[in-house]
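Shown next: entry_24.csv, containing CSV, C-alpha atoms.
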```csv
chain,number,residue,atom,x,y,z
U,1,MET,CA,5.1,39.6,-116.9
U,2,HIS,CA,6.4,40.0,-113.5
U,3,ALA,CA,3.0,40.9,-112.1
U,4,THR,CA,1.4,37.8,-113.8
U,5,ALA,CA,4.0,35.5,-112.3
U,6,THR,CA,3.4,37.0,-108.8
U,7,HIS,CA,-0.4,36.5,-109.2
U,8,ALA,CA,0.1,32.9,-110.1
U,9,SER,CA,2.5,32.2,-107.3
U,10,GLU,CA,0.0,33.7,-104.8
U,11,HIS,CA,-2.4,30.8,-105.4
U,12,VAL,CA,0.0,27.9,-105.1
U,13,HIS,CA,-1.0,26.9,-101.6
U,14,PRO,CA,-0.1,23.7,-99.8
U,15,THR,CA,-2.3,20.7,-100.1
U,16,TRP,CA,-4.6,19.3,-97.4
U,17,GLN,CA,-2.0,16.5,-96.8
U,18,THR,CA,0.6,19.2,-95.9
U,19,TYR,CA,-1.9,21.0,-93.7
U,20,THR,CA,-2.6,17.7,-91.9
U,21,LYS,CA,1.1,17.0,-91.4
U,22,VAL,CA,1.6,20.5,-90.0
U,23,ALA,CA,-1.4,20.1,-87.6
U,24,LEU,CA,0.1,16.8,-86.3
U,25,ILE,CA,3.5,18.5,-85.7
U,26,LEU,CA,1.8,21.4,-83.9
U,27,PHE,CA,-0.1,19.1,-81.6
U,28,ALA,CA,3.1,17.1,-80.9
U,29,LEU,CA,5.0,20.3,-80.1
U,30,THR,CA,2.2,21.4,-77.7
U,31,PHE,CA,2.3,18.0,-76.1
U,32,LEU,CA,6.1,18.5,-75.6
U,33,GLU,CA,5.6,22.0,-74.1
U,34,VAL,CA,3.1,20.8,-71.5
U,35,GLY,CA,5.2,17.6,-70.9
U,36,ALA,CA,8.3,19.7,-70.2
U,37,TYR,CA,6.3,21.9,-67.8
U,38,GLU,CA,4.8,18.8,-66.0
U,39,VAL,CA,8.2,17.0,-65.7
U,40,VAL,CA,10.0,19.9,-64.3
U,41,HIS,CA,7.4,21.4,-62.0
U,42,ARG,CA,5.0,18.6,-61.0
U,43,HIS,CA,7.3,15.6,-60.5
U,44,ALA,CA,10.1,14.8,-58.0
U,45,PRO,CA,13.4,16.3,-59.0
U,46,VAL,CA,15.0,13.2,-60.4
U,47,GLY,CA,16.4,12.1,-63.8
U,48,LEU,CA,14.9,14.0,-66.7
U,49,ALA,CA,13.5,16.8,-64.4
U,50,ILE,CA,17.0,17.6,-63.1
U,51,ALA,CA,18.4,17.6,-66.6
U,52,LEU,CA,15.6,19.7,-68.0
U,53,GLU,CA,15.2,22.3,-65.2
U,54,PRO,CA,18.1,24.6,-66.1
U,55,ILE,CA,17.1,24.8,-69.8
U,56,VAL,CA,13.3,24.6,-69.5
U,57,VAL,CA,12.7,28.3,-70.4
U,58,GLU,CA,14.8,28.0,-73.5
U,59,VAL,CA,13.1,24.7,-74.5
U,60,LEU,CA,9.7,26.2,-74.1
U,61,LEU,CA,10.6,29.4,-76.1
U,62,LEU,CA,12.2,27.2,-78.8
U,63,LEU,CA,9.1,25.0,-79.1
U,64,SER,CA,6.9,28.1,-79.2
U,65,ALA,CA,9.0,29.7,-82.0
U,66,LEU,CA,8.8,26.5,-84.0
U,67,LYS,CA,5.0,26.4,-83.7
U,68,PHE,CA,4.8,30.1,-84.6
U,69,ALA,CA,7.0,29.6,-87.7
U,70,LEU,CA,5.0,26.6,-88.9
U,71,VAL,CA,1.7,28.4,-88.6
U,72,ALA,CA,3.1,31.5,-90.4
U,73,MET,CA,4.8,29.6,-93.1
U,74,PHE,CA,2.1,27.0,-94.0
U,75,TYR,CA,-1.2,28.2,-92.7
U,76,MET,CA,-0.6,31.9,-93.3
U,77,HIS,CA,1.0,30.9,-96.7
U,78,LEU,CA,4.2,33.0,-96.2
U,79,LYS,CA,6.2,30.2,-97.7
U,80,SER,CA,4.3,30.4,-101.0
U,81,ASP,CA,3.3,34.1,-101.1
U,82,GLY,CA,6.6,35.7,-101.9
U,83,THR,CA,9.2,37.6,-100.0
U,84,LEU,CA,7.5,41.0,-99.6
U,85,LEU,CA,4.8,39.8,-97.1
U,86,SER,CA,7.4,37.7,-95.2
U,87,SER,CA,9.7,40.7,-95.0
U,88,ILE,CA,6.9,42.9,-93.6
U,89,PHE,CA,6.1,40.3,-91.0
U,90,ALA,CA,9.7,39.5,-90.1
U,91,PHE,CA,10.6,43.2,-89.8
U,92,THR,CA,7.7,43.7,-87.4
U,93,LEU,CA,8.6,40.7,-85.3
U,94,LEU,CA,12.1,42.1,-85.0
U,95,LEU,CA,10.8,45.4,-83.9
U,96,ALA,CA,8.5,43.7,-81.4
U,97,ALA,CA,11.4,41.7,-80.0
U,98,VAL,CA,13.5,44.8,-79.7
U,99,MET,CA,10.7,46.6,-77.9
U,100,ILE,CA,10.2,43.8,-75.4
U,101,SER,CA,13.9,43.5,-74.8
U,102,ALA,CA,14.2,47.3,-74.3
U,103,LEU,CA,11.3,47.3,-71.8
U,104,MET,CA,12.9,44.4,-69.8
U,105,ILE,CA,16.4,46.0,-69.8
U,106,ILE,CA,15.1,49.5,-68.7
U,107,PHE,CA,12.9,48.1,-65.9
U,108,GLY,CA,15.6,45.6,-64.9
U,109,TYR,CA,18.0,48.5,-64.6
U,110,LEU,CA,15.5,50.4,-62.5
U,111,TYR,CA,14.7,47.4,-60.2
U,112,TYR,CA,18.2,45.9,-59.7
U,113,VAL,CA,20.9,48.4,-60.7
U,114,ALA,CA,19.4,51.7,-59.5
U,115,PRO,CA,17.0,50.7,-56.7
U,116,THR,CA,17.1,54.2,-55.2
U,117,VAL,CA,15.3,55.7,-58.2
U,118,ASN,CA,13.1,52.7,-58.6
U,119,PRO,CA,9.4,53.7,-58.4
U,120,LEU,CA,8.4,50.1,-58.0
U,121,LYS,CA,10.2,49.5,-54.6
W,1,MET,CA,-18.9,45.0,-122.9
W,2,ALA,CA,-16.7,41.9,-122.6
W,3,ASP,CA,-14.1,43.9,-120.7
W,4,THR,CA,-16.8,45.1,-118.2
W,5,ALA,CA,-18.0,41.6,-117.7
W,6,HIS,CA,-14.4,40.4,-117.1
W,7,ALA,CA,-13.8,43.2,-114.6
W,8,GLN,CA,-17.0,42.2,-112.7
W,9,VAL,CA,-15.8,38.6,-112.4
W,10,ASP,CA,-12.2,39.3,-111.6
W,11,GLU,CA,-12.4,41.5,-108.5
W,12,HIS,CA,-8.7,41.2,-107.6
W,13,HIS,CA,-7.1,44.6,-107.4
W,14,TYR,CA,-3.3,44.2,-107.6
W,15,THR,CA,-0.9,46.8,-106.3
W,16,ALA,CA,2.4,47.7,-108.0
W,17,THR,CA,3.9,45.0,-105.8
W,18,GLY,CA,1.8,42.4,-107.6
W,19,ILE,CA,-0.1,41.6,-104.4
W,20,ASP,CA,-3.8,42.2,-104.0
W,21,HIS,CA,-4.3,45.4,-102.0
W,22,ARG,CA,-6.6,43.7,-99.6
W,23,LYS,CA,-4.0,41.1,-98.8
W,24,LEU,CA,-1.3,43.8,-98.4
W,25,ALA,CA,-3.7,45.8,-96.1
W,26,ILE,CA,-4.4,42.8,-93.8
W,27,TRP,CA,-0.7,42.0,-93.5
W,28,THR,CA,0.0,45.7,-92.6
W,29,PHE,CA,-2.8,45.5,-90.1
W,30,ILE,CA,-1.3,42.3,-88.7
W,31,ALA,CA,2.1,44.0,-88.4
W,32,SER,CA,0.5,46.8,-86.3
W,33,GLU,CA,-1.3,44.2,-84.2
W,34,CYS,CA,2.1,42.5,-83.5
W,35,MET,CA,3.4,45.7,-82.0
W,36,PHE,CA,0.2,46.0,-79.9
W,37,PHE,CA,0.5,42.5,-78.4
W,38,ALA,CA,4.3,43.0,-78.1
W,39,SER,CA,3.6,46.0,-75.8
W,40,LEU,CA,1.2,43.9,-73.7
W,41,ILE,CA,3.5,40.9,-73.5
W,42,GLY,CA,6.4,43.2,-72.6
W,43,THR,CA,4.4,44.8,-69.8
W,44,TYR,CA,3.4,41.4,-68.4
W,45,LEU,CA,7.1,40.3,-68.4
W,46,VAL,CA,8.3,43.6,-66.8
W,47,TYR,CA,5.9,43.2,-63.9
W,48,LYS,CA,6.2,39.4,-63.6
W,49,GLY,CA,7.1,38.4,-60.1
W,50,ARG,CA,6.8,41.9,-58.7
W,51,ASP,CA,3.6,41.3,-56.7
W,52,VAL,CA,3.6,42.1,-53.0
W,53,SER,CA,0.6,39.8,-52.4
W,54,GLY,CA,-1.3,36.9,-54.0
W,55,PRO,CA,-2.8,35.4,-56.0
W,56,ARG,CA,0.3,34.0,-57.6
W,57,PRO,CA,0.3,32.3,-61.0
W,58,HIS,CA,2.6,29.3,-60.2
W,59,THR,CA,3.2,29.2,-56.5
W,60,GLU,CA,1.0,28.9,-53.3
W,61,TRP,CA,-0.2,32.1,-51.7
W,62,LEU,CA,-1.9,33.1,-48.4
W,63,LEU,CA,-5.5,34.2,-48.2
W,64,ASN,CA,-7.2,34.9,-44.9
W,65,GLY,CA,-4.6,32.8,-43.1
W,66,ARG,CA,-5.0,29.8,-45.4
W,67,MET,CA,-2.6,28.6,-48.1
W,68,GLN,CA,-4.1,28.6,-51.6
W,69,GLU,CA,-2.9,26.6,-54.6
W,70,GLN,CA,-1.4,28.2,-57.7
W,71,ILE,CA,-4.1,30.1,-59.6
W,72,LEU,CA,-3.4,29.0,-63.2
W,73,GLU,CA,-5.2,25.8,-64.4
W,74,ILE,CA,-2.8,24.3,-67.0
W,75,PRO,CA,-5.0,21.3,-68.2
W,76,LEU,CA,-7.9,23.7,-68.9
W,77,VAL,CA,-5.8,26.1,-70.9
W,78,THR,CA,-4.0,23.2,-72.8
W,79,PHE,CA,-7.5,22.1,-73.9
W,80,GLY,CA,-8.2,25.7,-75.1
W,81,THR,CA,-4.9,25.9,-76.9
W,82,SER,CA,-5.6,22.6,-78.7
W,83,LEU,CA,-9.0,24.0,-79.8
W,84,LEU,CA,-7.4,27.1,-81.2
W,85,LEU,CA,-4.8,25.0,-83.1
W,86,PHE,CA,-7.7,22.8,-84.4
W,87,SER,CA,-9.5,25.9,-85.6
W,88,SER,CA,-6.5,27.1,-87.5
W,89,PHE,CA,-6.3,23.7,-89.2
W,90,PHE,CA,-10.0,23.7,-90.0
W,91,VAL,CA,-10.0,27.2,-91.5
W,92,VAL,CA,-7.2,26.3,-94.0
W,93,LEU,CA,-9.3,23.3,-95.0
W,94,ALA,CA,-12.3,25.6,-95.5
W,95,LEU,CA,-10.1,27.9,-97.6
W,96,SER,CA,-8.9,24.9,-99.6
W,97,GLY,CA,-12.6,23.9,-100.2
W,98,ALA,CA,-13.5,27.5,-101.2
W,99,GLN,CA,-10.6,27.6,-103.7
W,100,ARG,CA,-11.7,24.3,-105.3
W,101,GLY,CA,-15.3,25.3,-105.4
W,102,ASN,CA,-16.3,22.6,-102.9
W,103,ARG,CA,-19.2,24.4,-101.1
W,104,LYS,CA,-19.8,21.4,-98.7
W,105,ALA,CA,-16.2,21.4,-97.5
W,106,LEU,CA,-16.2,25.2,-97.2
W,107,ILE,CA,-19.3,25.4,-95.0
W,108,GLY,CA,-18.5,22.3,-93.0
W,109,TRP,CA,-14.9,23.3,-92.1
W,110,LEU,CA,-15.9,26.9,-91.5
W,111,CYS,CA,-18.6,25.8,-89.0
W,112,ALA,CA,-16.0,23.6,-87.3
W,113,THR,CA,-13.6,26.6,-87.0
W,114,ILE,CA,-16.3,28.8,-85.5
W,115,PHE,CA,-17.4,26.0,-83.1
W,116,CYS,CA,-13.7,25.7,-81.8
W,117,GLY,CA,-13.4,29.5,-81.5
W,118,ILE,CA,-16.6,29.7,-79.5
W,119,PHE,CA,-15.4,27.0,-77.1
W,120,PHE,CA,-12.0,28.9,-76.7
W,121,VAL,CA,-13.8,32.1,-75.8
W,122,GLY,CA,-16.1,30.0,-73.4
W,123,MET,CA,-12.9,28.6,-71.8
W,124,GLN,CA,-11.6,32.1,-71.2
W,125,VAL,CA,-14.9,33.3,-69.7
W,126,PHE,CA,-14.9,30.2,-67.4
W,127,GLU,CA,-11.3,30.8,-66.4
W,128,PHE,CA,-11.9,34.5,-65.7
W,129,THR,CA,-15.0,33.7,-63.6
W,130,HIS,CA,-13.2,31.0,-61.7
W,131,PHE,CA,-10.3,33.3,-60.9
W,132,TYR,CA,-12.7,36.0,-59.8
W,133,HIS,CA,-14.4,33.6,-57.4
W,134,ARG,CA,-10.9,32.6,-56.0
W,135,GLY,CA,-10.3,36.2,-55.1
W,136,MET,CA,-8.4,37.6,-58.2
W,137,GLY,CA,-10.1,40.8,-59.4
W,138,TYR,CA,-8.6,43.1,-62.0
W,139,THR,CA,-7.0,45.4,-59.4
W,140,THR,CA,-6.0,42.7,-56.9
W,141,ASN,CA,-2.3,42.8,-57.8
W,142,LEU,CA,0.2,43.4,-60.7
W,143,PHE,CA,-0.2,39.8,-61.9
W,144,ALA,CA,-4.0,40.1,-62.1
W,145,SER,CA,-4.0,43.4,-63.9
W,146,THR,CA,-1.4,42.4,-66.5
W,147,PHE,CA,-2.9,38.9,-66.9
W,148,TYR,CA,-6.4,40.1,-67.5
W,149,THR,CA,-5.3,42.9,-69.8
W,150,LEU,CA,-3.1,40.6,-72.0
W,151,THR,CA,-5.5,37.6,-72.2
W,152,GLY,CA,-8.6,39.8,-72.2
W,153,PHE,CA,-7.4,41.7,-75.3
W,154,HIS,CA,-6.5,38.4,-77.0
W,155,GLY,CA,-10.0,37.0,-76.2
W,156,THR,CA,-11.5,40.2,-77.6
W,157,HIS,CA,-9.5,39.6,-80.8
W,158,VAL,CA,-10.8,36.0,-81.0
W,159,THR,CA,-14.4,37.3,-80.6
W,160,LEU,CA,-13.9,39.8,-83.4
W,161,GLY,CA,-12.4,37.0,-85.6
W,162,LEU,CA,-15.5,34.8,-84.8
W,163,ILE,CA,-17.8,37.7,-85.9
W,164,TRP,CA,-15.8,38.0,-89.1
W,165,LEU,CA,-15.8,34.3,-89.9
W,166,THR,CA,-19.5,34.1,-89.1
W,167,THR,CA,-20.2,36.8,-91.7
W,168,VAL,CA,-18.1,34.9,-94.3
W,169,LEU,CA,-20.1,31.8,-93.4
W,170,VAL,CA,-23.4,33.6,-94.0
W,171,VAL,CA,-22.1,34.8,-97.4
W,172,ALA,CA,-21.0,31.2,-98.2
W,173,LEU,CA,-24.4,29.9,-97.2
W,174,ARG,CA,-26.1,32.3,-99.6
W,175,GLY,CA,-23.9,30.9,-102.3
W,176,LYS,CA,-22.0,34.2,-102.8
W,177,LEU,CA,-18.5,32.9,-102.2
W,178,PRO,CA,-17.3,31.3,-105.5
W,179,PRO,CA,-13.7,30.3,-106.0
W,180,GLU,CA,-12.8,33.6,-107.6
W,181,LYS,CA,-13.9,35.4,-104.4
W,182,SER,CA,-12.1,33.0,-102.0
W,183,LEU,CA,-9.7,35.8,-101.1
W,184,ASN,CA,-12.4,37.2,-98.9
W,185,LEU,CA,-12.1,34.0,-96.8
W,186,GLU,CA,-8.3,34.0,-97.1
W,187,ILE,CA,-8.1,37.5,-95.5
W,188,ALA,CA,-10.4,36.5,-92.6
W,189,ALA,CA,-8.4,33.3,-92.2
W,190,LEU,CA,-5.1,35.3,-92.0
W,191,TYR,CA,-6.6,37.3,-89.1
W,192,TRP,CA,-7.7,34.1,-87.5
W,193,HIS,CA,-4.2,32.6,-87.8
W,194,PHE,CA,-2.8,35.7,-86.3
W,195,VAL,CA,-4.8,35.4,-83.1
W,196,ASP,CA,-3.6,31.7,-83.1
W,197,VAL,CA,0.1,32.7,-83.3
W,198,VAL,CA,-0.4,35.3,-80.6
W,199,TRP,CA,-1.8,32.6,-78.3
W,200,ILE,CA,1.2,30.3,-79.3
W,201,VAL,CA,3.4,33.0,-77.7
W,202,ILE,CA,1.1,33.8,-74.7
W,203,PHE,CA,0.6,30.1,-73.7
W,204,PRO,CA,4.2,29.4,-72.7
W,205,VAL,CA,5.0,33.0,-71.6
W,206,VAL,CA,2.1,33.3,-69.2
W,207,TYR,CA,1.1,29.7,-68.3
W,208,LEU,CA,4.3,27.5,-68.6
W,209,ILE,CA,7.3,29.7,-67.8
W,210,ARG,CA,7.6,30.4,-64.0
```

Whole structure, structure tokens version:
Amino acid sequence: MHATATHASEHVHPTWQTYTKVALILFALTFLEVGAYEVVHRHAPVGLAIALEPIVVEVLLLLSALKFALVAMFYMHLKSDGTLLSSIFAFTLLLAAVMISALMIIFGYLYYVAPTVNPLK
Amino acid sequence: MADTAHAQVDEHHYTATGIDHRKLAIWTFIASECMFFASLIGTYLVYKGRDVSGPRPHTEWLLNGRMQEQILEIPLVTFGTSLLLFSSFFVVLALSGAQRGNRKALIGWLCATIFCGIFFVGMQVFEFTHFYHRGMGYTTNLFASTFYTLTGFHGTHVTLGLIWLTTVLVVALRGKLPPEKSLNLEIAALYWHFVDVVWIVIFPVVYLIR
């Protein structure tokens, strides 16, 4: 019974209207990403550029995360394919984030805190 | 006899989890690929800004006594990013067509996906060639080595995805991809979406964040 229910739920995928809406949002987010870059780095430091400059990295990472989540949820069907696949993917992403953070902390320590033992300097 | 015929039509092989084993396998593979690209992205970030000489990704640099502009071409890569997003959209439409038994939609959208993918790879080849002619070889500096390794491996994955989608297209053209076998396309599409989400991370990290 449980297996049958799971099989059925695997095939309930979004409609083409949903896919189109997601595509439009993805393009809008990409436009915002490039727009934020252009405003901060290519224009005179006035108005929006001054306000955006201190947080531009966070804004770009947030927009990227939103795009990532939209593709994973709707195009990769994680939203409709049950929790097991989502859990596998989420756990791996967590591991990946920990690995990148660990690398940056270790090399940051070598470069800034312990420059005498830094092989890069 | 009837059972045998039924088994031949329904080729889904469910695991104890209730998920088809091929789908579980591709997700496990995608998980391992996440770790692979995380290591490449981590390496790029660790060495970011540690170059002792140009070319530099976002600032001017000196070559033979003359100032050179930043090496990265944002408009070109934005175009490539849009193509990859388009291709992800097209492949879900192809899958939707395959699941509904709409052969025309399946083949049309799959061709559009492959077309976008080929243009993306072409964009990368053009970019690499352009960088090389501007004096950025693989061993020129830390930025060059980490950039070529990260984006080169991504381009290789896109190329492999294109080969996979092309084989699915050939199967569909032969009329051997009925709705009950649409999982074959779904698995290829999952891989294709994965290379798209990797690029969604690479694009801001390498091209937009200084």

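We find atom CA of Glu127 of chain W and atom CA of Thr59 of chain W to be spaced 17.6 Å apart.
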
Note to self: Measuring between all atoms listed in the file, which one of W:Val168, W:Ile26, W:Ala38, W:Val77 shows the shortest distance to chain U?
What the structure shows: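 Closest candidate: W:Ala38.
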
Note to self: Could you work out which residues of chain U fall inside 8 Å of chain W? Count only C-alpha atoms, and format the result as a PyMOL selection string.
What the structure shows: chain U and resi 2-4+6-7+10+15-16+19-20+23+26-27+30+33-34+37+57+60-61+64-65+67-68+71-72+75-76+85+88-89+92-93+95-97+99-101+103-104+107-108

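You will find atom CA of Ile71 of chain W at 6.2 Å from atom CA of Arg56 of chain W.
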
Check: Between U:Gly47, U:Gly35, U:Pro14, U:Gly82, which one has atoms that come closest to Leu63 of chain U, using only C-alpha atoms?
Finding: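 Looking at the shortest contact to Leu63 of chain U, the residue is U:Gly35.
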
Check: Any idea what's packed within 10 Å of Thr149 of chain W, counting all atoms listed in the file, ignoring anything in its chain fewer than 2 positions away? Could you give it as a list in words?
Finding: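 The residues satisfying every condition are Leu40, Ile41, Thr43, Tyr44, Tyr138, Phe143, Ala144, Ser145, Thr146, Phe147, Thr151, Gly152, Phe153, His154 and Gly155 of chain W.
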
Note to self: Using all atoms listed in the file for the distances, tell me which of U:Val22, U:Thr83, U:Ile106, U:Leu94 is nearest to Leu66 of chain U.
What the structure shows: U:Val22

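Between atom CA of Tyr109 of chain U and atom CA of Met136 of chain W lies a distance of 29.3 Å.
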
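Closest approach to Ala105 of chain W among W:Leu142, W:Ala188, W:Leu169, W:Val206 is made by W:Leu169 (distances from all atoms listed in the file).
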